[in-house]
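Below: one structure, written as structure tokens.
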Amino acid sequence: MVHYELDRDTFLELRDFVYQQTGIYIQDSKKYLLENRLQKRLRENKFDSFKDYLYLLKYRKNQSELNYLFDAITTNETYFFREDKQLNLLINKIIPELLSKQQRVRIWSAACSTGEEPYSIAILINENREINPSKVEIIASDISNSALNSARRGIYSSYSIRKVPSHILKKYFTESNDFYKISDNIKRMIKLYQINLIDEKQMCFVRNVDIVFLRNVLIYFDDEAKKKVLSVLYDLMKDAGYLFVGVSESLHNVTTLFKPLMIDHTVVYRKVTG
Ligand SMILES: C[S@@+](CC[C@H](N)C(=O)[O-])C[C@H]1O[C@@H](n2cnc3c(N)ncnc32)[C@H](O)[C@@H]1O
């Protein structure tokens, strides 16, 4: 089988290209990952070398090739009910508080991967008697097409549902051969889109958002890319809107556009206004 060598100069050029397109910064130590993950594509399309492949990406503006690249370089690790303290805060405090002052709430899961995050939110909204699900809109997006297709299928492995309580599993999933299909009622609560966080035009598709989940994605970006995403996000959010990042992430030294609040031992950021 042909093995394509990724030489240092081509790696640096490819890394710059990936960074410009996605905000994802690939460390030197991850060169092997890029080299391995793209082997199959280069073989299938009978490229002569990584240089050839890079040429096609850069100068042919081929969207399906770009989609393949996005799928290959992204890490889509996620699972249902991840970081449940944040979810509890959202469901028990933030959404009820917002609905006491306004008619509707718009939530955006802005790097939703294979859908576990927005579907968890939808399930919890459905479970809470104080929230009328028809008053909550959930938008979910990701850069990776294959992750979004998995979200559309809504079929999950036992790994993905390992933190789902059994009564919830029974109520919202159908099991078949150790795979779990999410109910159509929950699926219908989510609108799924392909949106690249580093592309301002694509980002502006979503507006007037009350609550954003941007969890476990900025960790792949450098500070400049983080700042860019957060400043666009700032403009798309409603005043005093809420922003969740991953529990191990911090926006300290990255932006002053959002300030951290500690509620119920959980950090949530708030859009700074005035
Ligand atoms: C580790 S997953 C996080 C999933 C979920 N938010 C969670 O916390 O469980 C990171 C996701 O970020 C997405 N991603 C990476 N770069 C992106 C970009 N520029 N625009 C949109 N999504 C991006 C990846 O495709 C991946 O699905």
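Every chain in the structure tokens has a letter given in the order shown (A, B, ...), and although residue numbers restart at 1 in each chain, ligands are simply numbered from 1 in the order shown.
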Practice item. For ligand 1, collect every residue having any atom at a distance of at most 9 Å from a ligand atom (counting only C-alpha atoms and all ligand atoms); output as a PyMOL selection string. Key: chain A and resi 19+21-24+70-71+73-83+109-118+141-148+194-199+213-221+229+245-246
**Study point:** In stretch 43-274 of chain A, DSSP helix (DSSP H, G or I) residues written as a ChimeraX atom specification
**Key:** /A:43-44,50-59,63-73,84-99,116-127,133-135,145-153,166-172,184-187,200-203,218-220,223-236
Review point. Please, what distance in Å, to one decimal, runs between atom CA of A:Ala72 and atom CA of A:Arg37?
Key: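 Atom-to-atom, atom CA of A:Ala72 to atom CA of A:Arg37, that is 5.8 Å.
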Point to revise | All residues 12 Å or closer to A:Asn88, only C-alpha atoms, same chain fewer than 6 positions away omitted, as a VMD selection string | key: chain A and resid 81 to 82 94 to 96 120 to 121 123 to 125 127 to 128 263 to 266 268
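Among the candidates A:Tyr119, A:Tyr159, A:Phe17, A:Tyr25, the residue lying nearest to A:Leu57 is A:Phe17 (atoms considered: only C-alpha atoms).
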Exercise for review: Step one, run DSSP on the backbone; step two, keep only residues of stretch 70-222 of chain A assigned to strand (DSSP E); then write them as a PyMOL selection string.
Suggested key: chain A and resi 105-109+136-142+155-156+173-176+179-182+190-194+209-214
Exercise for review: Compile the contact shell of A:Met189 as a list in words: residues with an atom at most 7 Å away, counting only C-alpha atoms, same-chain residues fewer than 3 positions apart removed.
Suggested key: Ala122, Ile138, Asn185 and Ile186 of chain A
Review point. Given the choices A:Ser166, A:Ser100, A:Ser29, A:Thr174, which gets closest to A:Gly154 if the distance is worked out from only C-alpha atoms?
Key: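 Of A:Ser166, A:Ser100, A:Ser29, A:Thr174, the one nearest A:Gly154, counting only C-alpha atoms, is A:Thr174.
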